[in-house]
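J.: Coordinates in work-v8.cif, mmCIF, C-alpha atoms, are listed below.
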```
data_data
#
loop_
_atom_site.label_atom_id
_atom_site.label_comp_id
_atom_site.auth_asym_id
_atom_site.auth_seq_id
_atom_site.Cartn_x
_atom_site.Cartn_y
_atom_site.Cartn_z
CA MET A 111 17.36 35.23 -55.26
CA GLY A 112 14.99 34.10 -52.50
CA ARG A 113 13.17 30.83 -52.00
CA ILE A 114 9.78 29.48 -52.96
CA ILE A 115 8.48 27.91 -49.75
CA ASN A 116 5.72 25.33 -49.40
CA HIS A 117 5.56 23.39 -46.12
CA ASP A 118 2.42 21.40 -46.81
CA LEU A 119 2.57 18.10 -44.86
CA SER A 120 0.44 15.90 -47.09
CA ASP A 121 3.32 13.94 -48.65
CA CYS A 122 5.07 12.79 -45.49
CA SER A 123 2.63 10.19 -44.14
CA GLN A 124 -0.50 8.21 -44.85
CA ALA A 125 -3.52 10.44 -45.45
CA ASP A 126 -5.61 8.69 -42.80
CA GLU A 127 -2.85 9.11 -40.22
CA LEU A 128 -2.45 12.83 -40.94
CA ALA A 129 -6.23 13.25 -40.79
CA ARG A 130 -6.07 12.37 -37.09
CA ILE A 131 -4.04 15.52 -36.42
CA LEU A 132 -6.66 18.26 -36.06
CA GLY A 133 -6.01 21.24 -38.33
CA VAL A 134 -2.89 19.70 -39.87
CA PHE A 135 -3.33 21.53 -43.21
CA LYS A 136 -2.86 24.79 -41.27
CA TYR A 137 0.48 23.76 -39.74
CA PRO A 138 2.55 25.20 -42.63
CA GLY A 139 1.92 28.66 -41.15
CA ARG A 140 4.67 27.89 -38.62
CA VAL A 141 7.31 28.41 -41.32
CA LEU A 142 6.55 32.15 -41.50
CA GLY A 143 8.88 33.16 -38.68
CA SER A 144 11.86 31.54 -40.40
CA THR A 145 11.34 33.33 -43.74
CA ALA A 146 13.08 36.45 -45.02
CA GLU A 147 12.49 39.29 -47.43
CA GLY A 148 12.73 37.92 -50.96
CA ASP A 149 11.12 34.59 -50.06
CA ILE A 150 7.78 33.62 -51.59
CA VAL A 151 5.59 31.62 -49.21
CA GLN A 152 2.70 29.37 -50.22
CA LEU A 153 0.01 28.99 -47.55
CA HIS A 154 -3.47 27.52 -47.40
CA PRO A 155 -6.11 30.24 -47.91
CA ASP A 156 -7.70 29.47 -44.53
CA LEU A 157 -4.64 31.03 -42.89
CA LYS A 158 -5.19 34.42 -44.48
CA LYS A 159 -7.58 35.67 -41.79
CA HIS A 160 -4.89 35.27 -39.10
CA PHE A 161 -1.97 36.70 -41.06
CA SER A 162 -2.33 40.32 -39.97
CA TYR A 163 -2.29 39.32 -36.29
CA VAL A 164 0.81 37.17 -36.49
CA SER A 165 2.58 39.66 -38.76
CA GLU A 166 1.96 42.48 -36.29
CA HIS A 167 3.08 40.22 -33.42
CA TYR A 168 6.34 39.50 -35.25
CA ARG A 169 6.83 43.21 -35.99
CA ARG A 170 6.53 44.08 -32.29
CA ILE A 171 9.14 41.52 -31.26
CA GLY A 172 11.55 42.37 -34.08
CA LEU A 173 11.15 39.17 -36.11
CA ALA A 174 11.46 39.97 -39.82
CA HIS A 175 9.61 37.73 -42.26
CA SER A 176 8.37 37.54 -45.83
CA ARG A 177 5.16 39.32 -46.73
CA ASP A 178 5.09 37.88 -50.22
CA ILE A 179 2.37 35.27 -49.70
CA ILE A 180 0.59 33.11 -52.27
CA TRP A 181 -2.67 31.87 -50.72
CA ASN A 182 -2.55 28.57 -52.53
CA ASP A 183 -0.56 25.54 -51.37
CA ASP A 184 -0.51 23.64 -54.69
CA PHE A 185 3.04 22.41 -55.30
CA GLN A 186 2.68 22.95 -59.05
CA ILE A 187 2.96 26.70 -58.43
CA MET A 188 6.65 26.11 -57.78
CA LYS A 189 7.09 25.59 -61.51
CA ASP A 190 6.36 29.30 -61.99
CA PHE A 191 9.53 30.20 -60.06
CA PRO A 192 12.34 28.17 -61.68
CA ASP A 193 15.05 30.58 -60.48
CA HIS A 194 14.09 30.26 -56.80
CA GLN A 195 15.48 27.61 -54.50
CA ILE A 196 12.77 25.47 -52.95
CA SER A 197 12.03 24.89 -49.28
CA VAL A 198 9.59 22.10 -48.46
CA PHE A 199 8.56 20.34 -45.28
CA PHE A 200 9.09 16.97 -46.96
CA PHE A 201 10.43 16.23 -50.43
CA GLY A 202 7.79 13.70 -51.47
CA GLU A 203 5.99 12.92 -54.70
CA LYS A 204 4.27 16.30 -55.04
CA ALA A 205 7.46 18.31 -54.55
CA HIS A 206 9.39 15.93 -56.81
CA ARG A 207 6.86 16.36 -59.62
CA ALA A 208 7.10 20.12 -59.32
CA ARG A 209 10.90 20.26 -59.01
CA PRO A 210 12.39 16.87 -59.96
CA ASP A 211 15.42 15.66 -57.99
CA GLU A 212 15.67 11.88 -58.15
CA ARG A 213 18.48 11.41 -55.59
CA TRP A 214 16.84 13.66 -52.99
CA TYR A 215 13.48 11.99 -53.55
CA LYS A 216 14.83 8.44 -53.22
CA THR A 217 16.82 9.26 -50.09
CA THR A 218 13.84 10.96 -48.45
CA LYS A 219 11.47 8.11 -49.29
CA PHE A 220 13.95 5.50 -48.04
CA ALA A 221 14.70 7.25 -44.73
CA ASN A 222 11.03 8.04 -44.10
CA SER A 223 10.32 4.35 -43.56
CA LYS A 224 10.98 3.35 -39.96
CA ASN A 225 11.72 -0.18 -41.14
CA GLU A 226 14.25 0.90 -43.75
CA PHE A 227 15.87 3.25 -41.26
CA ILE A 228 16.37 0.51 -38.66
CA ARG A 229 17.96 -1.71 -41.32
CA TYR A 230 20.12 1.24 -42.39
CA CYS A 231 21.38 1.74 -38.82
CA ARG A 232 22.22 -1.95 -38.53
CA LEU A 233 24.15 -1.79 -41.80
CA LEU A 234 26.21 1.11 -40.44
CA GLY A 235 26.68 -0.56 -37.06
CA LEU A 236 24.66 2.04 -35.15
CA PRO A 237 22.71 1.14 -31.98
CA THR A 238 18.92 0.72 -31.99
CA PRO A 239 16.39 -0.84 -29.61
CA GLU A 240 15.45 -4.46 -30.28
CA THR A 241 13.21 -4.11 -33.34
CA PHE A 242 11.41 -6.58 -35.60
CA CYS A 243 10.46 -5.26 -39.05
CA TYR A 244 7.61 -6.71 -41.10
CA ASN A 245 6.16 -6.08 -44.57
CA GLY A 246 2.71 -7.19 -43.41
CA LYS A 247 0.98 -8.95 -40.55
CA ARG A 248 0.93 -12.24 -42.48
CA GLU A 249 4.64 -12.56 -41.59
CA ILE A 250 3.89 -12.91 -37.86
CA ALA A 251 3.20 -16.37 -36.42
CA ASP A 252 3.62 -16.57 -32.65
CA LEU A 253 2.75 -13.44 -30.66
CA ASP A 254 4.06 -14.98 -27.44
CA GLU A 255 7.67 -14.99 -28.67
CA TYR A 256 8.08 -11.24 -28.02
CA HIS A 257 9.03 -9.46 -24.82
CA TYR A 258 6.31 -7.12 -23.56
CA PRO A 259 5.57 -4.29 -23.32
CA LEU A 260 6.49 -3.29 -26.86
CA TYR A 261 5.44 -0.71 -29.42
CA LEU A 262 3.69 -1.42 -32.68
CA LYS A 263 4.69 1.27 -35.17
CA LEU A 264 3.52 1.84 -38.71
CA ALA A 265 6.57 2.03 -40.97
CA VAL A 266 5.45 5.41 -42.32
CA SER A 267 3.89 7.87 -39.89
CA ALA A 268 4.58 11.27 -38.33
CA SER A 269 4.30 13.10 -35.01
CA GLY A 270 3.76 9.92 -32.99
CA GLN A 271 0.73 8.87 -35.03
CA GLY A 272 0.53 5.18 -35.88
CA VAL A 273 2.31 4.16 -32.64
CA VAL A 274 0.57 1.93 -30.08
CA LYS A 275 1.92 0.51 -26.83
CA CYS A 276 1.07 -3.17 -26.40
CA LYS A 277 1.31 -4.48 -22.84
CA ASP A 278 0.74 -8.11 -23.84
CA SER A 279 -0.01 -10.42 -26.77
CA ASN A 280 -3.77 -9.85 -26.49
CA VAL A 281 -3.39 -6.11 -27.07
CA LEU A 282 -0.97 -6.74 -29.94
CA ALA A 283 -3.40 -9.19 -31.56
CA ALA A 284 -6.21 -6.63 -31.35
CA GLU A 285 -4.03 -3.91 -32.89
CA LEU A 286 -2.77 -6.19 -35.67
CA PHE A 287 -6.38 -7.02 -36.54
CA LYS A 288 -6.95 -3.31 -37.32
CA LEU A 289 -4.03 -3.14 -39.79
CA ASP A 290 -4.37 -3.53 -43.53
CA GLU A 291 -3.03 -6.88 -44.66
CA ASN A 292 -0.01 -5.42 -46.46
CA ALA A 293 0.76 -2.45 -44.20
CA PRO A 294 4.46 -2.52 -43.23
CA PHE A 295 5.17 -2.06 -39.53
CA GLN A 296 7.63 -2.81 -36.79
CA LEU A 297 7.56 -4.12 -33.25
CA GLN A 298 10.03 -2.29 -31.05
CA ALA A 299 11.02 -3.08 -27.49
CA GLU A 300 10.23 -0.47 -24.87
CA VAL A 301 13.32 1.51 -23.89
CA ASP A 302 13.98 2.39 -20.26
CA ALA A 303 14.78 5.92 -21.37
CA GLY A 304 15.91 8.87 -19.33
CA ALA A 305 15.23 11.19 -22.27
CA PHE A 306 14.36 11.38 -25.95
CA ILE A 307 16.32 13.80 -28.13
CA ASN A 308 16.24 15.25 -31.63
CA VAL A 309 19.46 15.93 -33.56
CA GLN A 310 19.18 18.26 -36.57
CA TYR A 311 21.28 18.67 -39.72
CA GLU A 312 20.92 20.90 -42.77
CA VAL A 313 22.36 20.85 -46.26
CA ILE A 314 23.19 24.41 -47.30
CA GLY A 315 24.53 24.71 -50.82
CA ASP A 316 26.93 21.82 -51.24
CA ARG A 317 27.80 21.47 -47.54
CA LEU A 318 26.34 19.44 -44.70
CA ARG A 319 26.04 21.41 -41.48
CA ARG A 320 25.27 20.36 -37.94
CA GLY A 321 22.11 21.78 -36.40
CA VAL A 322 21.03 21.91 -32.78
CA ILE A 323 20.20 19.11 -30.36
CA THR A 324 16.95 19.42 -28.42
CA ARG A 325 15.24 17.37 -25.76
CA GLN A 326 11.79 16.19 -26.76
CA ILE A 327 8.62 16.76 -24.78
CA LEU A 328 6.22 13.86 -25.30
CA ASN A 329 2.53 13.50 -24.54
CA GLY A 330 2.25 9.73 -24.52
CA ASN A 331 3.65 8.77 -27.94
CA GLU A 332 2.95 12.13 -29.55
CA HIS A 333 5.43 14.94 -30.00
CA ALA A 334 4.41 17.87 -27.77
CA GLY A 335 7.45 20.15 -27.91
CA ASN A 336 11.20 20.59 -27.53
CA ILE A 337 13.65 22.14 -25.09
CA TYR A 338 16.97 23.80 -25.90
CA PRO A 339 19.74 23.47 -24.88
CA THR A 340 20.42 19.96 -23.65
CA SER A 341 23.53 18.31 -22.27
CA TYR A 342 23.20 15.26 -24.51
CA ASP A 343 25.44 15.00 -27.56
CA PRO A 344 25.32 11.82 -29.69
CA ARG A 345 26.87 13.38 -32.79
CA LYS A 346 29.76 10.93 -32.92
CA PHE A 347 27.02 8.50 -33.98
CA THR A 348 24.63 10.77 -35.85
CA ASP A 349 27.40 12.41 -37.90
CA VAL A 350 28.07 9.00 -39.48
CA ILE A 351 24.56 8.46 -40.81
CA ALA A 352 24.04 12.16 -41.65
CA ALA A 353 27.15 12.14 -43.85
CA ASP A 354 25.98 8.98 -45.60
CA MET A 355 22.53 10.46 -46.27
CA PHE A 356 24.19 13.59 -47.66
CA ARG A 357 26.29 11.39 -49.94
CA ARG A 358 23.11 9.67 -51.15
CA GLY A 359 21.56 13.01 -52.15
CA MET A 360 19.75 14.36 -49.07
CA LYS A 361 19.03 18.09 -49.10
CA GLY A 362 17.37 20.62 -46.83
CA VAL A 363 16.74 20.01 -43.14
CA PHE A 364 16.65 16.53 -41.63
CA ALA A 365 17.02 15.04 -38.17
CA PHE A 366 17.22 11.93 -36.03
CA ASP A 367 15.22 10.94 -32.96
CA LEU A 368 17.15 9.00 -30.35
CA ALA A 369 16.40 7.51 -26.95
CA VAL A 370 18.90 8.01 -24.15
CA THR A 371 18.85 5.11 -21.73
CA LYS A 372 19.22 5.73 -18.01
CA GLY A 373 22.69 4.22 -18.40
CA GLY A 374 23.63 6.90 -20.94
CA GLU A 375 23.45 4.79 -24.11
CA TYR A 376 22.15 6.40 -27.30
CA LEU A 377 19.68 4.37 -29.38
CA PHE A 378 18.40 5.43 -32.82
CA ILE A 379 14.61 5.43 -33.05
CA GLU A 380 13.81 7.02 -36.41
CA CYS A 381 14.85 9.55 -39.03
CA ASN A 382 12.94 12.72 -39.86
CA PRO A 383 14.07 13.25 -43.48
CA ARG A 384 12.36 16.63 -43.41
CA TYR A 385 11.63 19.63 -41.24
CA ASN A 386 10.27 18.57 -37.87
CA GLY A 387 8.66 20.11 -34.80
CA ALA A 388 12.03 21.27 -33.45
CA THR A 389 13.12 23.01 -36.64
CA TYR A 390 10.69 25.92 -36.60
CA PRO A 391 11.46 27.21 -33.09
CA THR A 392 15.16 26.64 -33.78
CA LYS A 393 15.06 28.91 -36.84
CA ILE A 394 13.22 31.67 -34.97
CA ALA A 395 15.51 31.42 -31.94
CA GLN A 396 18.58 31.69 -34.16
CA LYS A 397 17.20 34.77 -35.91
CA LEU A 398 16.51 36.51 -32.60
CA GLY A 399 19.63 35.28 -30.79
CA ILE A 400 17.68 33.32 -28.18
CA ASN A 401 19.89 30.74 -26.48
CA ARG A 402 17.40 29.17 -24.05
CA TRP A 403 13.90 28.18 -25.06
CA ALA A 404 11.11 25.64 -24.89
CA ALA A 405 8.58 25.15 -27.67
CA LYS A 406 5.26 23.67 -26.60
CA ASN A 407 1.81 22.97 -27.96
CA PHE A 408 -1.12 24.40 -26.02
CA LYS A 409 -4.84 23.87 -26.07
CA THR A 410 -7.00 26.97 -25.88
CA GLY A 411 -10.66 27.72 -25.47
CA ARG A 412 -10.15 30.88 -27.53
CA HIS A 413 -10.47 30.16 -31.24
CA SER A 414 -9.66 33.63 -32.50
CA PHE A 415 -6.68 35.93 -32.02
CA ALA A 416 -9.19 38.72 -31.39
CA ASP A 417 -9.67 37.03 -28.00
CA ILE A 418 -5.96 36.52 -27.26
CA ASP A 419 -3.87 39.36 -25.81
CA LEU A 420 -0.37 38.25 -24.85
CA GLY A 421 0.31 41.56 -23.13
CA GLU A 422 3.45 41.48 -20.98
CA VAL A 423 3.92 37.77 -21.75
CA GLU A 424 4.88 38.66 -25.33
CA TYR A 425 8.59 38.32 -26.13
CA ASP A 426 10.76 41.30 -25.22
CA ARG A 427 14.14 41.53 -26.98
CA ASP A 428 15.68 43.63 -24.22
CA ARG A 429 14.88 40.97 -21.64
CA ALA A 430 15.44 38.09 -24.10
CA SER A 431 12.36 36.55 -22.51
CA GLY A 432 8.73 36.01 -23.41
CA ALA A 433 6.28 34.12 -25.61
CA ILE A 434 6.40 33.94 -29.41
CA VAL A 435 3.48 32.53 -31.38
CA LEU A 436 4.89 29.75 -33.52
CA ASN A 437 2.18 27.49 -34.90
CA TRP A 438 -0.63 30.01 -35.35
CA GLY A 439 -2.84 28.59 -38.10
CA CYS A 440 -4.52 25.98 -35.92
CA VAL A 441 -5.94 28.49 -33.41
CA ASP A 442 -9.33 27.86 -35.09
CA ASP A 443 -9.13 24.33 -33.76
CA GLY A 444 -8.22 25.36 -30.22
CA LYS A 445 -4.51 24.70 -30.61
CA LEU A 446 -1.47 26.97 -30.55
CA GLY A 447 2.27 26.35 -30.78
CA VAL A 448 4.35 28.78 -28.71
CA LEU A 449 8.07 29.36 -28.14
CA LEU A 450 8.88 30.32 -24.55
CA ALA A 451 12.20 32.17 -24.37
CA GLY A 452 14.25 32.61 -21.22
CA THR A 453 15.73 30.63 -18.38
CA PRO A 454 13.93 27.47 -17.23
CA GLU A 455 12.49 29.47 -14.33
CA GLU A 456 11.25 32.19 -16.69
CA GLN A 457 9.79 29.56 -19.02
CA HIS A 458 7.83 28.06 -16.12
CA LEU A 459 6.38 31.44 -15.13
CA LEU A 460 5.59 32.30 -18.75
CA GLU A 461 3.74 29.03 -19.19
CA GLU A 462 1.65 29.60 -16.06
CA ARG A 463 0.65 33.08 -17.26
CA LEU A 464 0.05 31.91 -20.81
CA LEU A 465 -2.31 29.17 -19.67
CA ILE A 466 -4.43 31.81 -17.94
CA ILE A 467 -4.52 33.91 -21.12
CA LEU A 468 -5.44 30.99 -23.37
CA ASN A 469 -8.20 29.57 -21.20
#
```
Show how you would write the structure in this file as C-alpha cells.
T.:
Amino acid sequence: MGRIINHDLSDCSQADELARILGVFKYPGRVLGSTAEGDIVQLHPDLKKHFSYVSEHYRRIGLAHSRDIIWNDDFQIMKDFPDHQISVFFFGEKAHRARPDERWYKTTKFANSKNEFIRYCRLLGLPTPETFCYNGKREIADLDEYHYPLYLKLAVSASGQGVVKCKDSNVLAAELFKLDENAPFQLQAEVDAGAFINVQYEVIGDRLRRGVITRQILNGNEHAGNIYPTSYDPRKFTDVIAADMFRRGMKGVFAFDLAVTKGGEYLFIECNPRYNGATYPTKIAQKLGINRWAAKNFKTGRHSFADIDLGEVEYDRDRASGAIVLNWGCVDDGKLGVLLAGTPEEQHLLEERLLIILN
C-alpha cells in the first residue's frame, strides 16, 4: 500500500511569518520528485497548470513519480485513505486531527520550539551557543547585560524567518518593541562559524535511520540551499538526541541544524522536527544515484515554464550531471528551486548557464 502525501506548510510556523515567504502555499510541489507509483499526493490547485511541464521534465531525466494527484490540500482528505501511511511536511494540529498520533504530535510540537530545544540540549549535555530563552519581553530588564552582536529569534519560525541580528541594545530595543507581549523568543550569541550544517534522520517502520549531512547555503539568516557531500560529521552528538526523540514518539523525517565553529566545535542551533529544505533534493538524489549535488533557490524573470527551456543544462543520467527542477510551484512568483548535479566545477558551470536561461 502506498502513502497519502500532504506537504502543506501551514502548521509549522506562525501564519504571519509564513506569509512573508512569497508563494509558500505552492512549496508542497517539491515533494513530487520523491514520490512513487502507488502514492496519492495532495497539492494546491494552483499547481495544476505546471504539472504537465514538471512531469515531462522528470520523464526525460528518468525520475519516476506518482501521477495520482488530488488537487486539494485539505488534511481532512487523509481520512478517506485509512489504509495508507501518511507523509506530511510537519505533523501539526491539522495532520493530528486527520490522523491522530498523540506521541508524535507532542514530540513535534515540543521540538519545534527553539526555546524548548535549547533546554532539551542542555538537559542532555549537548553543546549550544550562549542562549537566553524568554516567554515574553516582559521578562527582560537590562538590555546592556548582553554581549553584542546577538540574534533575536522567535521561538517558533521556519526558513530563517523571525530571526533578526541586533548589533547593539538600541537595535534590540526596537525589535522587542515590535513583538507581541507574550511572544516567546530567545537571544542567541553570534557564533564565529566556519559552516552551518544540517543532519537528517528518518523513522522508517519501527527503526530510526541516519540520513545525510549537508552544508547549508545561507542568504543572510534565510535558508538558500544545501550542498552534499560535506566533510563534517557530528553524529556522535546528534545520534544521542535523535534516539531520544525517537523514544518519545517522533516519526517521519527530522533534522538538526548545527554551527561549526572555526575551531571545529559543533553547536546545536535548532531542530527541524519535519521535512526541511535539504530533504527534497536528498530524496531525488538518492532515487537517481547522484552522489554530488547542490540545491539552490533562484530568482527568475520568467514566470511561466513556457518561457523556460533547460536544453543541454537539463540533467543527463549518462553524465550524472545537470539541472533538475525541484521547487517548481513558485515559478509564478519568480522563484525556482533547482538541484545541480555533478562535481563542484560542473555545478558552477551549470549555475552560470542556468542564470542566463532564467533571466
J.: Residue by residue, what does the PyMOL selection byres ((chain A and resi 389-394) around 8) grab here? Present the result as a short mmCIF file (atom, residue, chain, number, x, y, z; two decimals) with C-alpha atoms, in the frame of the given file.
T.:
```
data_model
loop_
_atom_site.label_atom_id
_atom_site.label_comp_id
_atom_site.auth_asym_id
_atom_site.auth_seq_id
_atom_site.Cartn_x
_atom_site.Cartn_y
_atom_site.Cartn_z
CA ARG A 140 4.67 27.89 -38.62
CA VAL A 141 7.31 28.41 -41.32
CA GLY A 143 8.88 33.16 -38.68
CA SER A 144 11.86 31.54 -40.40
CA LEU A 173 11.15 39.17 -36.11
CA GLN A 310 19.18 18.26 -36.57
CA VAL A 322 21.03 21.91 -32.78
CA TYR A 385 11.63 19.63 -41.24
CA ASN A 386 10.27 18.57 -37.87
CA GLY A 387 8.66 20.11 -34.80
CA ALA A 388 12.03 21.27 -33.45
CA ALA A 395 15.51 31.42 -31.94
CA GLN A 396 18.58 31.69 -34.16
CA LYS A 397 17.20 34.77 -35.91
CA LEU A 398 16.51 36.51 -32.60
CA ALA A 405 8.58 25.15 -27.67
CA LEU A 436 4.89 29.75 -33.52
CA LEU A 449 8.07 29.36 -28.14
#
```
J.: Take the PyMOL selection byres ((chain A and resi 289) around 12), apply it to the structure above, and return the hits as JSON, numbers by chain.
T.: {"A": [245, 246, 247, 248, 262, 263, 264, 265, 272, 274, 282, 283, 284, 285, 286, 287, 288, 290, 291, 292, 293, 294, 295]}
J.: With the PyMOL selection byres ((chain A and resi 118) around 12) as the selection, what would be picked from this file? Answer as a VMD selection string, please.
T.: chain A and resid 115 to 117 119 to 123 128 133 to 141 151 to 154 182 to 185 197 to 202 204 to 205 384 to 385
J.: Using CA of Glu461 in chain A and CA of Ser341 in chain A as the two end points, give the distance in Å to one decimal.
T.: 22.7 Å
J.: Which residue gives the smallest distance to Asp211 in chain A among A:Ser279, A:Gln326, A:Met360, A:Lys346, with only C-alpha atoms counted?
T.: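 Closest to Asp211 in chain A, using only C-alpha atoms: A:Met360.
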J.: For the atom pair CA of Pro383 in chain A and CA of Pro210 in chain A, what is the interatomic distance in Å to one decimal place?
T.: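 Those two atoms sit 17.0 Å apart.
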J.: Find the residue from A:Ala365, A:Ile466, A:Ala451, A:Val273 that sits nearest to Leu420 in chain A; use only C-alpha atoms when measuring.
T.: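 Comparing A:Ala365, A:Ile466, A:Ala451, A:Val273 against Leu420 in chain A, the winner is A:Ile466.
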J.: Check the smallest atom-to-atom distance from each of A:Ala299, A:Leu446, A:Arg427, A:Phe408 to Asn329 in chain A using only C-alpha atoms, then report the winner.
T.: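 Of A:Ala299, A:Leu446, A:Arg427, A:Phe408, the one nearest Asn329 in chain A is A:Phe408, counting only C-alpha atoms.
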J.: Do a neighbour search on Asn469 in chain A at 8 Å with all atoms listed in the file, toss out local chain neighbours closer than 3 positions, and write the hits as a PyMOL selection string.
T.: chain A and resi 410-412+465-466
J.: Can I get the selected residues back with C-alpha atoms, as a CSV table (one decimal), in the coordinates of the input?
T.:
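Output below, filename result_31.csv:
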```csv
chain,number,residue,atom,x,y,z
A,410,THR,CA,-7.0,27.0,-25.9
A,411,GLY,CA,-10.7,27.7,-25.5
A,412,ARG,CA,-10.2,30.9,-27.5
A,465,LEU,CA,-2.3,29.2,-19.7
A,466,ILE,CA,-4.4,31.8,-17.9
```
J.: Could you check which of A:Ala369, A:Ala305, A:Ile187, A:Cys381 is closest to Thr340 in chain A, using all atoms listed in the file?
T.: A:Ala305
J.: Could you please determine the separation between CA of Lys409 in chain A and CA of Phe161 in chain A in Å, to one decimal place?
T.: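 Distance between the two atoms: 19.9 Å.
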J.: Go through A:Leu297, A:Val435, A:Cys276, A:Leu368 and flag the residue nearest Tyr168 in chain A, using only C-alpha atoms for the distances.
T.: A:Val435
J.: N, CA and C atoms are what I want for range 351-367 of chain A; can you complete it accordingly and write them as a PDB file, in the coordinates of the input?
T.:
```
ATOM      1  N   ILE A 351      25.711   8.723 -39.944  1.00  0.00           N
ATOM      2  CA  ILE A 351      24.560   8.460 -40.810  1.00  0.00           C
ATOM      3  C   ILE A 351      24.144   9.732 -41.562  1.00  0.00           C
ATOM      4  N   ALA A 352      24.343  10.907 -40.958  1.00  0.00           N
ATOM      5  CA  ALA A 352      24.040  12.160 -41.650  1.00  0.00           C
ATOM      6  C   ALA A 352      24.928  12.321 -42.876  1.00  0.00           C
ATOM      7  N   ALA A 353      26.206  12.020 -42.726  1.00  0.00           N
ATOM      8  CA  ALA A 353      27.150  12.140 -43.850  1.00  0.00           C
ATOM      9  C   ALA A 353      26.791  11.156 -44.961  1.00  0.00           C
ATOM     10  N   ASP A 354      26.339   9.956 -44.587  1.00  0.00           N
ATOM     11  CA  ASP A 354      25.980   8.980 -45.600  1.00  0.00           C
ATOM     12  C   ASP A 354      24.704   9.388 -46.336  1.00  0.00           C
ATOM     13  N   MET A 355      23.740   9.966 -45.620  1.00  0.00           N
ATOM     14  CA  MET A 355      22.530  10.460 -46.270  1.00  0.00           C
ATOM     15  C   MET A 355      22.846  11.613 -47.215  1.00  0.00           C
ATOM     16  N   PHE A 356      23.753  12.476 -46.797  1.00  0.00           N
ATOM     17  CA  PHE A 356      24.190  13.590 -47.660  1.00  0.00           C
ATOM     18  C   PHE A 356      24.828  13.036 -48.931  1.00  0.00           C
ATOM     19  N   ARG A 357      25.645  12.017 -48.786  1.00  0.00           N
ATOM     20  CA  ARG A 357      26.290  11.390 -49.940  1.00  0.00           C
ATOM     21  C   ARG A 357      25.257  10.788 -50.889  1.00  0.00           C
ATOM     22  N   ARG A 358      24.168  10.284 -50.347  1.00  0.00           N
ATOM     23  CA  ARG A 358      23.110   9.670 -51.150  1.00  0.00           C
ATOM     24  C   ARG A 358      22.273  10.709 -51.895  1.00  0.00           C
ATOM     25  N   GLY A 359      22.315  11.974 -51.444  1.00  0.00           N
ATOM     26  CA  GLY A 359      21.560  13.010 -52.150  1.00  0.00           C
ATOM     27  C   GLY A 359      20.598  13.809 -51.287  1.00  0.00           C
ATOM     28  N   MET A 360      20.660  13.619 -49.955  1.00  0.00           N
ATOM     29  CA  MET A 360      19.750  14.360 -49.070  1.00  0.00           C
ATOM     30  C   MET A 360      20.012  15.853 -49.149  1.00  0.00           C
ATOM     31  N   LYS A 361      18.942  16.630 -49.092  1.00  0.00           N
ATOM     32  CA  LYS A 361      19.030  18.090 -49.100  1.00  0.00           C
ATOM     33  C   LYS A 361      18.112  18.656 -48.024  1.00  0.00           C
ATOM     34  N   GLY A 362      18.250  19.961 -47.782  1.00  0.00           N
ATOM     35  CA  GLY A 362      17.370  20.620 -46.830  1.00  0.00           C
ATOM     36  C   GLY A 362      17.665  20.219 -45.403  1.00  0.00           C
ATOM     37  N   VAL A 363      16.635  20.339 -44.571  1.00  0.00           N
ATOM     38  CA  VAL A 363      16.740  20.010 -43.140  1.00  0.00           C
ATOM     39  C   VAL A 363      16.336  18.554 -42.925  1.00  0.00           C
ATOM     40  N   PHE A 364      17.064  17.862 -42.065  1.00  0.00           N
ATOM     41  CA  PHE A 364      16.650  16.530 -41.630  1.00  0.00           C
ATOM     42  C   PHE A 364      17.181  16.294 -40.226  1.00  0.00           C
ATOM     43  N   ALA A 365      16.680  15.244 -39.578  1.00  0.00           N
ATOM     44  CA  ALA A 365      17.020  15.040 -38.170  1.00  0.00           C
ATOM     45  C   ALA A 365      16.847  13.585 -37.772  1.00  0.00           C
ATOM     46  N   PHE A 366      17.349  13.265 -36.592  1.00  0.00           N
ATOM     47  CA  PHE A 366      17.220  11.930 -36.030  1.00  0.00           C
ATOM     48  C   PHE A 366      16.646  12.012 -34.628  1.00  0.00           C
ATOM     49  N   ASP A 367      15.740  11.086 -34.320  1.00  0.00           N
ATOM     50  CA  ASP A 367      15.220  10.940 -32.960  1.00  0.00           C
ATOM     51  C   ASP A 367      15.944   9.779 -32.295  1.00  0.00           C
TER      52      ASP A 367
END
```
